[in-house]
>>> print(open('query_31.txt').read())   # compact mmCIF, C-alpha atoms and all ligand atoms
# COMPACT_ATOMS: atom_id res chain seq x y z
CA VAL A 1 20.73 0.47 7.69
CA THR A 2 23.83 -1.02 6.02
CA SER A 3 26.77 -2.08 8.20
CA THR A 4 28.82 0.90 6.93
CA GLY A 5 25.90 3.18 7.74
CA LYS A 6 25.59 1.65 11.21
CA ALA A 7 29.31 2.05 11.82
CA ALA A 8 29.09 5.70 10.80
CA ILE A 9 26.15 6.28 13.14
CA ASN A 10 27.90 4.45 15.96
CA ASP A 11 30.92 6.71 15.47
CA CYS A 12 28.82 9.67 16.60
CA ALA A 13 29.23 10.22 20.30
CA GLN A 14 25.49 10.37 20.87
CA HIS A 15 22.90 8.80 18.67
CA ALA A 16 19.27 8.09 19.30
CA LEU A 17 18.47 4.59 20.53
CA TRP A 18 16.05 3.91 17.70
CA THR A 19 18.97 3.79 15.26
CA GLU A 20 20.03 0.51 16.91
CA ARG A 21 16.84 -1.09 15.64
CA ALA A 22 16.68 0.66 12.28
CA THR A 23 16.51 -1.59 9.26
CA ARG A 24 16.50 -0.70 5.60
CA SER A 25 13.16 -1.08 3.87
CA PRO A 26 12.98 -4.04 1.46
CA MET A 27 11.41 -1.59 -0.99
CA GLN A 28 14.71 0.31 -1.26
CA GLU A 29 16.54 -2.89 -2.13
CA ALA A 30 13.87 -3.70 -4.72
CA GLN A 31 14.33 -0.24 -6.20
CA GLU A 32 18.04 -0.94 -6.65
CA ARG A 33 17.30 -4.30 -8.26
CA LEU A 34 14.93 -2.56 -10.68
CA ALA A 35 17.87 -0.54 -11.96
CA GLN A 36 19.90 -3.66 -12.87
CA PRO A 37 20.15 -3.92 -16.66
CA GLY A 38 17.89 -6.53 -18.26
CA ILE A 39 15.88 -7.38 -15.17
CA ILE A 40 12.09 -7.67 -15.39
CA SER A 41 10.67 -6.56 -12.09
CA PHE A 42 7.31 -7.41 -10.59
CA SER A 43 8.56 -6.16 -7.22
CA LEU A 44 7.34 -2.67 -6.49
CA GLY A 45 3.87 -1.13 -6.49
CA LEU A 46 4.66 1.26 -9.31
CA PRO A 47 2.14 2.62 -11.78
CA GLY A 48 3.02 2.01 -15.46
CA THR A 49 5.59 4.64 -16.47
CA ASP A 50 4.38 4.36 -20.06
CA LEU A 51 0.90 5.42 -18.92
CA PHE A 52 1.89 8.71 -17.29
CA PRO A 53 0.02 11.48 -19.11
CA THR A 54 3.17 13.47 -19.91
CA GLY A 55 1.51 15.65 -22.56
CA GLU A 56 -1.30 16.64 -20.17
CA PHE A 57 1.25 17.36 -17.45
CA ALA A 58 3.29 19.56 -19.79
CA LYS A 59 0.18 21.56 -20.74
CA ALA A 60 -0.95 21.80 -17.12
CA CYS A 61 2.50 23.04 -15.98
CA GLY A 62 2.44 25.80 -18.60
CA ALA A 63 -1.12 26.81 -17.74
CA VAL A 64 -0.49 26.86 -13.97
CA LEU A 65 2.72 28.90 -14.27
CA GLU A 66 1.12 31.39 -16.61
CA ALA A 67 -2.01 31.86 -14.54
CA ASN A 68 -0.47 31.76 -11.11
CA PRO A 69 3.28 32.18 -10.39
CA GLN A 70 2.21 32.01 -6.74
CA ALA A 71 2.08 28.23 -7.33
CA LEU A 72 5.87 28.21 -6.84
CA GLN A 73 5.66 30.04 -3.54
CA TYR A 74 5.29 28.70 0.02
CA GLY A 75 1.56 28.55 0.42
CA PRO A 76 -1.50 27.27 2.24
CA PRO A 77 -3.34 24.09 1.24
CA SER A 78 -5.36 24.60 -1.95
CA HIS A 79 -9.05 25.04 -1.26
CA GLU A 80 -9.76 24.23 -4.89
CA LEU A 81 -8.02 20.85 -4.57
CA LYS A 82 -9.89 20.09 -1.35
CA SER A 83 -13.21 20.78 -3.13
CA HIS A 84 -12.23 18.34 -5.88
CA ILE A 85 -11.36 15.74 -3.25
CA VAL A 86 -14.78 16.23 -1.64
CA SER A 87 -16.31 15.42 -5.07
CA LEU A 88 -14.03 12.41 -5.57
CA MET A 89 -15.05 11.13 -2.15
CA ARG A 90 -18.73 11.73 -2.95
CA ALA A 91 -18.33 9.57 -6.07
CA ARG A 92 -17.19 6.79 -3.71
CA GLY A 93 -20.19 7.24 -1.44
CA VAL A 94 -18.41 9.34 1.20
CA SER A 95 -20.00 12.57 2.27
CA CYS A 96 -17.50 15.00 3.81
CA HIS A 97 -16.67 18.69 3.94
CA GLU A 98 -13.55 20.61 2.83
CA ARG A 99 -12.89 21.32 6.51
CA GLN A 100 -12.39 17.56 7.06
CA VAL A 101 -9.95 17.14 4.16
CA PHE A 102 -6.29 17.47 5.11
CA LEU A 103 -3.75 17.51 2.26
CA THR A 104 -0.55 15.51 2.71
CA ASN A 105 2.62 14.61 0.82
CA GLY A 106 1.29 11.22 -0.27
CA ALA A 107 -0.67 8.59 1.64
CA GLN A 108 2.53 7.64 3.44
CA GLN A 109 2.68 11.00 5.15
CA GLY A 110 -1.07 10.86 5.78
CA LEU A 111 -0.55 7.57 7.62
CA HIS A 112 2.41 8.95 9.52
CA LEU A 113 0.53 12.04 10.69
CA ILE A 114 -2.56 10.16 11.77
CA ILE A 115 -0.51 7.53 13.56
CA SER A 116 1.48 10.14 15.46
CA LEU A 117 -1.80 11.62 16.56
CA LEU A 118 -3.27 8.32 17.74
CA LEU A 119 -0.41 6.28 19.07
CA ASP A 120 1.41 6.64 22.36
CA ARG A 121 4.56 4.57 22.79
CA GLY A 122 3.87 0.98 23.76
CA ARG A 123 0.10 1.02 23.12
CA GLN A 124 -1.74 -1.80 21.40
CA ILE A 125 -2.87 -1.70 17.79
CA ILE A 126 -4.61 -4.29 15.63
CA ALA A 127 -3.33 -4.90 12.09
CA GLU A 128 -3.23 -7.67 9.54
CA ASN A 129 -0.01 -9.56 10.11
CA ILE A 130 0.69 -9.55 6.38
CA SER A 131 0.29 -5.97 5.26
CA TYR A 132 1.91 -2.87 3.75
CA PRO A 133 5.55 -2.56 4.98
CA GLY A 134 5.41 1.26 4.85
CA PHE A 135 2.87 1.04 7.66
CA HIS A 136 5.15 -1.27 9.70
CA GLN A 137 7.97 1.25 9.28
CA ILE A 138 5.89 4.08 10.69
CA VAL A 139 4.47 2.25 13.69
CA GLY A 140 7.91 0.82 14.45
CA PHE A 141 8.95 4.22 15.82
CA TYR A 142 6.25 3.98 18.50
CA GLU A 143 7.07 0.39 19.57
CA PRO A 144 3.43 -0.63 19.85
CA GLU A 145 2.20 -4.09 20.79
CA VAL A 146 0.82 -5.22 17.45
CA LEU A 147 -2.07 -7.66 17.82
CA PRO A 148 -1.95 -9.52 14.53
CA VAL A 149 -4.91 -10.82 12.54
CA SER A 150 -4.82 -12.94 9.41
CA THR A 151 -6.22 -12.11 5.98
CA ASP A 152 -8.48 -14.37 3.96
CA PRO A 153 -7.37 -14.19 0.29
CA LYS A 154 -11.04 -14.02 -0.79
CA THR A 155 -12.76 -11.86 1.85
CA GLY A 156 -10.02 -9.89 3.59
CA MET A 157 -9.28 -9.21 7.25
CA ASP A 158 -10.17 -11.81 9.89
CA VAL A 159 -12.75 -9.74 11.77
CA ASP A 160 -13.55 -12.67 14.11
CA LYS A 161 -10.02 -12.39 15.47
CA VAL A 162 -10.44 -8.62 15.92
CA GLU A 163 -13.55 -9.34 17.96
CA TRP A 164 -11.70 -11.99 19.94
CA TYR A 165 -9.03 -9.48 21.02
CA LEU A 166 -11.65 -6.92 22.00
CA ALA A 167 -13.69 -9.47 23.93
CA LYS A 168 -10.50 -10.42 25.82
CA GLY A 169 -10.20 -6.81 26.95
CA MET A 170 -7.60 -5.47 24.51
CA ARG A 171 -8.11 -1.79 23.73
CA PRO A 172 -6.21 -0.85 20.55
CA ALA A 173 -5.35 2.75 19.71
CA PHE A 174 -6.68 1.88 16.24
CA VAL A 175 -7.28 -0.91 13.74
CA TYR A 176 -5.38 -0.55 10.45
CA ALA A 177 -7.17 -1.74 7.30
CA ILE A 178 -6.56 -1.68 3.53
CA PRO A 179 -10.06 -2.67 2.44
CA ASP A 180 -9.71 -2.30 -1.35
CA GLY A 181 -7.03 -3.92 -3.53
CA HIS A 182 -5.11 -4.90 -0.39
CA ASN A 183 -1.32 -4.63 -0.43
CA PRO A 184 -0.01 -7.36 -0.78
CA PHE A 185 -3.02 -9.73 -1.13
CA GLY A 186 -4.97 -7.82 -3.81
CA VAL A 187 -8.18 -8.77 -1.99
CA SER A 188 -11.06 -6.39 -1.24
CA MET A 189 -12.77 -6.80 2.11
CA SER A 190 -16.30 -8.22 1.90
CA VAL A 191 -19.23 -5.90 2.63
CA GLU A 192 -20.24 -8.11 5.53
CA LYS A 193 -16.78 -7.80 7.14
CA ARG A 194 -16.76 -4.02 6.65
CA SER A 195 -20.10 -3.70 8.48
CA ARG A 196 -18.99 -6.02 11.27
CA LEU A 197 -15.74 -4.14 11.80
CA LEU A 198 -17.65 -0.86 11.93
CA ALA A 199 -20.13 -2.32 14.41
CA LEU A 200 -17.20 -3.42 16.60
CA ALA A 201 -15.62 0.05 16.31
CA GLU A 202 -18.87 1.60 17.48
CA TYR A 203 -19.38 -0.88 20.33
CA TYR A 204 -15.80 -0.89 21.64
CA ARG A 205 -15.15 2.76 20.70
CA PHE A 206 -12.03 2.44 18.64
CA VAL A 207 -10.92 4.11 15.43
CA ILE A 208 -10.24 2.47 12.07
CA VAL A 209 -7.43 3.86 9.90
CA GLU A 210 -8.68 3.11 6.38
CA ASP A 211 -5.78 3.18 3.89
CA ASP A 212 -7.20 3.40 0.38
CA PRO A 213 -4.72 4.18 -2.41
CA TYR A 214 -6.20 1.54 -4.73
CA GLY A 215 -10.01 1.87 -4.45
CA SER A 216 -10.40 3.64 -7.84
CA LEU A 217 -8.51 0.92 -9.69
CA PHE A 218 -11.21 -1.73 -10.03
CA TYR A 219 -11.65 -4.16 -12.92
CA SER A 220 -15.24 -5.35 -12.80
CA ASP A 221 -17.92 -3.80 -10.58
CA PRO A 222 -16.85 -0.87 -8.39
CA PRO A 223 -15.83 -2.12 -4.94
CA ALA A 224 -18.06 -1.63 -1.91
CA ASN A 225 -18.05 1.87 -0.46
CA PRO A 226 -15.12 2.68 1.82
CA MET A 227 -15.92 2.24 5.51
CA ARG A 228 -15.69 6.03 5.89
CA ALA A 229 -18.96 6.19 3.86
CA LEU A 230 -20.79 4.42 6.66
CA CYS A 231 -19.27 6.02 9.72
CA GLY A 232 -17.77 9.51 9.83
CA HIS A 233 -16.44 9.64 13.36
CA ARG A 234 -14.88 6.16 13.72
CA VAL A 235 -13.01 5.97 10.41
CA TYR A 236 -9.99 8.09 9.48
CA TYR A 237 -9.58 7.80 5.72
CA VAL A 238 -6.25 7.99 3.84
CA GLY A 239 -6.29 8.69 0.06
CA SER A 240 -3.67 9.28 -2.62
CA PHE A 241 -3.11 10.45 -6.20
CA SER A 242 0.05 8.32 -6.46
CA LYS A 243 -1.47 5.32 -8.20
CA ILE A 244 -4.03 7.20 -10.30
CA LEU A 245 -1.93 10.16 -11.44
CA ALA A 246 1.77 10.04 -10.47
CA PRO A 247 3.59 9.17 -7.24
CA SER A 248 6.24 11.85 -7.72
CA LEU A 249 3.60 14.55 -7.22
CA ARG A 250 3.45 13.40 -3.58
CA ILE A 251 -0.17 14.41 -3.09
CA GLY A 252 -2.41 12.47 -0.74
CA TRP A 253 -5.15 13.38 1.69
CA LEU A 254 -6.87 12.50 4.91
CA VAL A 255 -10.57 12.71 5.69
CA VAL A 256 -10.84 13.14 9.45
CA PRO A 257 -13.17 14.76 11.98
CA ASP A 258 -12.77 18.59 11.89
CA HIS A 259 -11.37 18.86 15.40
CA LEU A 260 -8.24 16.86 14.46
CA VAL A 261 -7.20 19.18 11.64
CA PRO A 262 -5.43 21.81 13.80
CA TYR A 263 -3.32 19.08 15.46
CA LEU A 264 -2.43 17.57 12.09
CA SER A 265 -1.43 21.03 10.84
CA ILE A 266 0.94 21.47 13.78
CA ILE A 267 2.66 18.12 13.19
CA LYS A 268 2.86 18.64 9.45
CA GLU A 269 4.24 22.15 9.74
CA ALA A 270 6.98 20.84 12.00
CA CYS A 271 7.84 18.15 9.42
CA ASP A 272 7.80 19.97 6.11
CA ILE A 273 5.91 23.26 6.46
CA HIS A 274 3.19 22.47 3.92
CA VAL A 275 2.06 20.32 1.04
CA ALA A 276 3.99 20.78 -2.26
CA SER A 277 2.26 23.87 -3.67
CA PHE A 278 3.12 23.35 -7.31
CA SER A 279 1.90 19.73 -7.28
CA GLN A 280 -1.38 20.66 -5.68
CA HIS A 281 -2.01 23.38 -8.28
CA LEU A 282 -1.19 20.91 -11.06
CA VAL A 283 -3.57 18.28 -9.70
CA ALA A 284 -6.32 20.87 -9.20
CA HIS A 285 -5.83 22.00 -12.81
CA LEU A 286 -6.08 18.41 -14.12
CA LEU A 287 -9.23 17.87 -12.06
CA ASN A 288 -10.81 21.13 -13.31
CA SER A 289 -10.55 19.92 -16.88
CA GLY A 290 -12.23 16.58 -16.12
CA PHE A 291 -9.05 14.85 -17.29
CA LEU A 292 -8.60 12.61 -14.25
CA THR A 293 -11.89 10.74 -14.76
CA ARG A 294 -10.93 9.83 -18.35
CA HIS A 295 -7.40 8.96 -17.29
CA VAL A 296 -8.49 6.59 -14.52
CA GLU A 297 -10.85 4.84 -16.94
CA GLY A 298 -7.86 4.35 -19.28
CA LEU A 299 -5.73 2.99 -16.42
CA ARG A 300 -8.46 0.53 -15.46
CA SER A 301 -8.71 -0.93 -18.93
CA GLU A 302 -4.93 -1.18 -19.40
CA TYR A 303 -4.34 -2.64 -15.91
CA ARG A 304 -7.19 -5.11 -16.50
CA ARG A 305 -5.34 -6.31 -19.63
CA ARG A 306 -2.03 -6.54 -17.73
CA ARG A 307 -3.70 -8.43 -14.86
CA ASN A 308 -5.30 -10.85 -17.33
CA THR A 309 -1.96 -11.39 -19.07
CA MET A 310 -0.35 -12.26 -15.73
CA LEU A 311 -3.23 -14.55 -14.71
CA ALA A 312 -3.05 -16.38 -18.04
CA ALA A 313 0.73 -16.83 -17.62
CA LEU A 314 0.24 -18.13 -14.08
CA SER A 315 -2.21 -20.75 -15.34
CA ARG A 316 0.18 -21.80 -18.10
CA GLN A 317 3.39 -21.90 -16.12
CA PHE A 318 2.79 -22.77 -12.55
CA PRO A 319 2.75 -26.08 -10.79
CA SER A 320 -0.72 -27.32 -10.05
CA ASP A 321 -0.13 -26.86 -6.32
CA ALA A 322 0.52 -23.10 -6.64
CA GLU A 323 -2.48 -20.92 -5.71
CA TRP A 324 -3.59 -17.38 -6.45
CA GLU A 325 -6.73 -15.26 -6.76
CA SER A 326 -7.79 -12.90 -9.53
CA PRO A 327 -7.83 -9.46 -7.89
CA ASP A 328 -10.80 -7.24 -8.77
CA CYS A 329 -9.04 -4.13 -7.56
CA GLY A 330 -5.50 -2.81 -7.04
CA ILE A 331 -2.23 -3.83 -8.70
CA TYR A 332 -1.05 -7.03 -6.97
CA ILE A 333 -1.38 -10.81 -7.17
CA TRP A 334 -0.40 -12.89 -4.13
CA LEU A 335 1.08 -16.19 -5.28
CA ARG A 336 1.25 -19.12 -2.87
CA LEU A 337 3.86 -21.69 -3.88
CA PRO A 338 4.33 -25.19 -2.45
CA LYS A 339 5.59 -25.03 1.15
CA HIS A 340 9.05 -26.42 0.42
CA ILE A 341 9.90 -23.38 -1.77
CA ASN A 342 11.35 -20.50 0.19
CA ALA A 343 10.45 -17.29 -1.66
CA THR A 344 13.40 -15.26 -0.32
CA ARG A 345 15.88 -17.82 -1.62
CA LEU A 346 13.84 -18.13 -4.81
CA LEU A 347 14.28 -14.37 -5.33
CA ASP A 348 18.07 -14.69 -5.16
CA LEU A 349 17.98 -17.44 -7.74
CA ALA A 350 15.39 -15.68 -9.93
CA ALA A 351 17.21 -12.34 -9.95
CA SER A 352 20.75 -13.69 -10.38
CA GLN A 353 20.07 -16.45 -12.91
CA HIS A 354 16.78 -15.62 -14.62
CA ALA A 355 16.75 -11.78 -14.51
CA VAL A 356 13.32 -11.53 -12.92
CA ALA A 357 12.33 -10.11 -9.52
CA PHE A 358 9.33 -10.03 -7.18
CA MET A 359 8.63 -9.33 -3.51
CA PRO A 360 9.02 -12.35 -1.22
CA GLY A 361 6.06 -12.75 1.15
CA SER A 362 8.11 -12.52 4.34
CA VAL A 363 8.81 -8.78 3.83
CA PHE A 364 5.12 -8.08 4.43
CA CYS A 365 4.99 -9.81 7.81
CA ILE A 366 4.87 -8.03 11.14
CA HIS A 367 5.50 -11.28 13.02
CA SER A 368 7.14 -13.99 10.92
CA GLU A 369 4.63 -16.41 9.50
CA PRO A 370 5.27 -19.78 7.78
CA SER A 371 2.58 -19.28 5.09
CA ALA A 372 4.34 -16.11 3.89
CA ALA A 373 7.72 -17.81 3.54
CA SER A 374 6.58 -19.67 0.43
CA SER A 375 4.43 -16.83 -0.97
CA LEU A 376 5.27 -13.84 -3.09
CA ARG A 377 3.71 -10.63 -4.35
CA LEU A 378 3.61 -9.88 -8.06
CA ASN A 379 2.85 -6.40 -9.38
CA PHE A 380 1.15 -6.17 -12.77
CA SER A 381 0.72 -2.41 -13.27
CA TYR A 382 4.34 -1.49 -14.01
CA PRO A 383 5.48 -3.94 -16.74
CA SER A 384 3.97 -3.94 -20.23
CA MET A 385 2.05 -7.04 -21.37
CA ALA A 386 5.04 -8.21 -23.40
CA ARG A 387 7.31 -7.91 -20.36
CA ILE A 388 4.76 -9.69 -18.18
CA ASP A 389 4.75 -12.61 -20.63
CA GLU A 390 8.54 -12.74 -20.78
CA GLY A 391 8.98 -12.18 -17.02
CA MET A 392 6.50 -14.91 -16.14
CA LEU A 393 8.33 -17.36 -18.42
CA ARG A 394 11.51 -16.51 -16.50
CA LEU A 395 9.76 -16.85 -13.17
CA GLY A 396 8.33 -20.22 -14.22
CA ALA A 397 11.86 -21.35 -15.11
CA ALA A 398 13.20 -20.10 -11.75
CA VAL A 399 10.48 -21.99 -9.86
CA SER A 400 11.25 -25.17 -11.86
CA SER A 401 14.94 -24.97 -11.00
CA ALA A 402 14.04 -24.27 -7.37
CA GLU A 403 11.80 -27.35 -7.43
CA LYS A 404 14.64 -29.46 -8.81
CA ARG A 405 17.11 -28.20 -6.21
CA SER A 406 14.59 -28.75 -3.49
CA THR A 407 13.89 -32.33 -4.62
CA ARG A 408 17.63 -33.04 -4.75
CA GLY A 409 18.20 -31.33 -1.40
CA ARG A 410 15.36 -33.20 0.28
CA ALA A 411 16.57 -36.49 -1.13
CA MET A 412 20.00 -35.82 0.35
CA SER A 413 19.17 -34.28 3.67
CA ARG A 414 15.42 -34.79 4.26
CA GLY A 415 13.58 -31.50 4.55
CA SER A 416 16.11 -29.00 3.23
CA THR A 417 14.45 -26.37 1.04
CA ILE A 418 15.88 -24.12 -1.65
C1 LIG B 501 -1.35 0.41 1.21
C2 LIG B 501 -0.50 1.60 0.87
N1 LIG B 501 -0.61 2.70 1.61
C3 LIG B 501 0.13 3.80 1.35
C4 LIG B 501 1.03 3.82 0.30
C5 LIG B 501 1.86 5.07 0.06
O1 LIG B 501 1.36 5.79 -1.04
P1 LIG B 501 1.85 7.26 -1.42
O2 LIG B 501 2.68 7.15 -2.64
O3 LIG B 501 0.59 8.03 -1.68
O4 LIG B 501 2.60 7.81 -0.26
C6 LIG B 501 1.17 2.68 -0.50
C7 LIG B 501 2.16 2.67 -1.59
O5 LIG B 501 2.40 1.70 -2.26
C8 LIG B 501 0.39 1.55 -0.21
O6 LIG B 501 0.47 0.42 -0.93
>>> encode(input="query_31.txt", output="structure tokens", more="lines below")
Ligand SMILES: Cc1ncc(COP(=O)(O)O)c(C=O)c1O
Amino acid sequence: VTSTGKAAINDCAQHALWTERATRSPMQEAQERLAQPGIISFSLGLPGTDLFPTGEFAKACGAVLEANPQALQYGPPSHELKSHIVSLMRARGVSCHERQVFLTNGAQQGLHLIISLLLDRGRQIIAENISYPGFHQIVGFYEPEVLPVSTDPKTGMDVDKVEWYLAKGMRPAFVYAIPDGHNPFGVSMSVEKRSRLLALAEYYRFVIVEDDPYGSLFYSDPPANPMRALCGHRVYYVGSFSKILAPSLRIGWLVVPDHLVPYLSIIKEACDIHVASFSQHLVAHLLNSGFLTRHVEGLRSEYRRRRNTMLAALSRQFPSDAEWESPDCGIYIWLRLPKHINATRLLDLAASQHAVAFMPGSVFCIHSEPSAASSLRLNFSYPSMARIDEGMLRLGAAVSSAEKRSTRGRAMSRGSTI
């Protein structure tokens, strides 16, 4: 919260204690930066605006309104949409029933609902220390003890460390995982690690929250099945149409054991009554026509081209001691720069002098971590290929000037970084 905002809150005679700890999400700041004229932004996890199927949406809106004005009314979750989700899940190897599908306003709300169901204040949870900030924001309200694990850029979550905590007697309310196209690493968890984590969940009787907004966006072979495919009762799955259709629809879903659905309905009703009726009718209509399958294939080939453009630019422009992986899934590349470059300060320089922006690694940390300070996340789904080329040139120039400043600074004061 900004200082003016804090002052305003503090002016109220009584305000909840959590407001003392409230901080503004780095994503909101990135959103503002995106609006600055001339800037090329690799910051946010946005789908390509130019790829939204506006014509299909226009037709679908007309068809839905004509066939069913009830779509604008308060209404129950769409059974039709749930059936489509059951089929989508089947295509990913997950067998589930409509009764187990719970519709939400985006994956973010799905996470929030499931977390409020699982987490009592102060309990332990296990999560990758570098992970999706929207998850950190939600759990922050419950003040859990987060037991952090690291992420291998090639194979995903450090499952040995998970086992270590469990063997030491820790009993987490859940383990949070983003197994496909990880945000921010772009990595997909190896099959071996998925099976080991599931075996641990079974043995130590904990639940895995599997957050999967990116699993359909793969660029070579389809990724391994979600963990929910292998174990129905230990894995609570979170899905979303945001990255494969449009985030403004705010349609996501959970796949959970049947007995949790009534509790989720109670919490959701208290929050926002029900899922956006018009959006769910639109999505159901687009799924009826078979459009989504074709659209996702189109997204995969365009995002593959954008990813390749960014990878080629990285190879051309970056110092030999920078490191990155080629992600097979999702919309992010995690770039590790030499240790003496501080990515937060680099962002200030890059945005103010080179008109290019990205997400500094530290915003993804639960507990601060030195390796993240010199790393950054680049998104390749939002900018066109031409803008990726231009933006990467600018980023290369920003890193070179940071290098020069750092060399000068270190020469003068030994160890100072940009
Ligand atoms: C890992 C992860 N989970 C959840 C979300 C939220 O997605 P939605 O737009 O469906 O709420 C995002 C958005 O970027 C994400 O990266």
>>> closest_residue(input="query_31.txt", among="A:Gly48, A:Gly409, A:Pro257, A:Pro319", to="Gly232 of chain A", atoms="only C-alpha atoms")
A:Pro257
>>> atom_distance(input="query_31.txt", atom1="atom CA of Leu349 of chain A", atom2="atom CA of Leu393 of chain A")
14.4 Å
>>> closest_residue(input="query_31.txt", among="A:Leu166, A:Val209, A:Ile39, A:Met385", to="ligand LIG 501 (chain B)", atoms="all atoms listed in the file")
A:Val209
>>> atom_distance(input="query_31.txt", atom1="atom CA of Arg92 of chain A", atom2="atom CA of Met227 of chain A")
10.4 Å
>>> residues_near_ligand(input="query_31.txt", ligand="ligand LIG 501 (chain B)", cutoff="8 Å", atoms="all atoms listed in the file", output="PyMOL selection string")
chain A and resi 44-46+105-111+131-132+134-135+178+182-184+211-214+239-243+247-248+250-252
>>> atom_distance(input="query_31.txt", atom1="atom CA of Thr151 of chain A", atom2="atom CA of Ser320 of chain A")
22.8 Å
>>> closest_residue(input="query_31.txt", among="A:Pro133, A:Gly391, A:Pro360, A:Pro383", to="Arg24 of chain A", atoms="only C-alpha atoms")
A:Pro133
>>> closest_residue(input="query_31.txt", among="A:Phe380, A:Glu143, A:Leu117, A:Phe278", to="Ser326 of chain A", atoms="all atoms listed in the file")
A:Phe380
>>> residues_around(input="query_31.txt", residues="Leu378 of chain A", least_positions_apart="2", cutoff="8 Å", atoms="only C-alpha atoms", output="JSON list (two decimals) with C-alpha atoms, in the coordinates of the input")
[["chain", "number", "residue", "atom", "x", "y", "z"],
["A", 42, "PHE", "CA", 7.31, -7.41, -10.59],
["A", 43, "SER", "CA", 8.56, -6.16, -7.22],
["A", 332, "TYR", "CA", -1.05, -7.03, -6.97],
["A", 333, "ILE", "CA", -1.38, -10.81, -7.17],
["A", 334, "TRP", "CA", -0.40, -12.89, -4.13],
["A", 335, "LEU", "CA", 1.08, -16.19, -5.28],
["A", 358, "PHE", "CA", 9.33, -10.03, -7.18],
["A", 359, "MET", "CA", 8.63, -9.33, -3.51],
["A", 376, "LEU", "CA", 5.27, -13.84, -3.09],
["A", 380, "PHE", "CA", 1.15, -6.17, -12.77]]
>>> build_atoms(input="query_31.txt", residues="segment 289-300 of chain A", atoms="N, CA, C and O atoms", output="CSV table (one decimal), in the frame of the given file")
chain,number,residue,atom,x,y,z
A,289,SER,N,-10.3,20.2,-15.5
A,289,SER,CA,-10.6,19.9,-16.9
A,289,SER,C,-11.3,18.6,-17.1
A,289,SER,O,-11.6,18.2,-18.2
A,290,GLY,N,-11.5,17.9,-16.0
A,290,GLY,CA,-12.2,16.6,-16.1
A,290,GLY,C,-11.3,15.5,-16.6
A,290,GLY,O,-11.7,14.4,-16.9
A,291,PHE,N,-10.0,15.8,-16.7
A,291,PHE,CA,-9.0,14.8,-17.3
A,291,PHE,C,-8.9,13.6,-16.4
A,291,PHE,O,-8.8,12.5,-17.0
A,292,LEU,N,-8.9,13.8,-15.1
A,292,LEU,CA,-8.6,12.6,-14.2
A,292,LEU,C,-9.6,11.5,-14.5
A,292,LEU,O,-9.2,10.3,-14.5
A,293,THR,N,-10.9,11.8,-14.6
A,293,THR,CA,-11.9,10.7,-14.8
A,293,THR,C,-11.6,9.9,-16.0
A,293,THR,O,-11.6,8.6,-15.9
A,294,ARG,N,-11.3,10.6,-17.1
A,294,ARG,CA,-10.9,9.8,-18.4
A,294,ARG,C,-9.7,9.0,-18.2
A,294,ARG,O,-9.6,7.9,-18.6
A,295,HIS,N,-8.7,9.6,-17.5
A,295,HIS,CA,-7.4,9.0,-17.3
A,295,HIS,C,-7.6,7.7,-16.5
A,295,HIS,O,-7.0,6.6,-16.8
A,296,VAL,N,-8.3,7.8,-15.4
A,296,VAL,CA,-8.5,6.6,-14.5
A,296,VAL,C,-9.2,5.5,-15.3
A,296,VAL,O,-8.9,4.3,-15.1
A,297,GLU,N,-10.2,5.9,-16.1
A,297,GLU,CA,-10.8,4.8,-16.9
A,297,GLU,C,-9.8,4.1,-17.8
A,297,GLU,O,-9.8,2.9,-18.0
A,298,GLY,N,-8.9,4.9,-18.4
A,298,GLY,CA,-7.9,4.4,-19.3
A,298,GLY,C,-7.0,3.4,-18.5
A,298,GLY,O,-6.6,2.3,-18.9
A,299,LEU,N,-6.6,3.8,-17.3
A,299,LEU,CA,-5.7,3.0,-16.4
A,299,LEU,C,-6.4,1.7,-16.1
A,299,LEU,O,-5.8,0.6,-16.2
A,300,ARG,N,-7.7,1.8,-15.8
A,300,ARG,CA,-8.5,0.5,-15.5
A,300,ARG,C,-8.4,-0.4,-16.6
A,300,ARG,O,-8.2,-1.6,-16.4
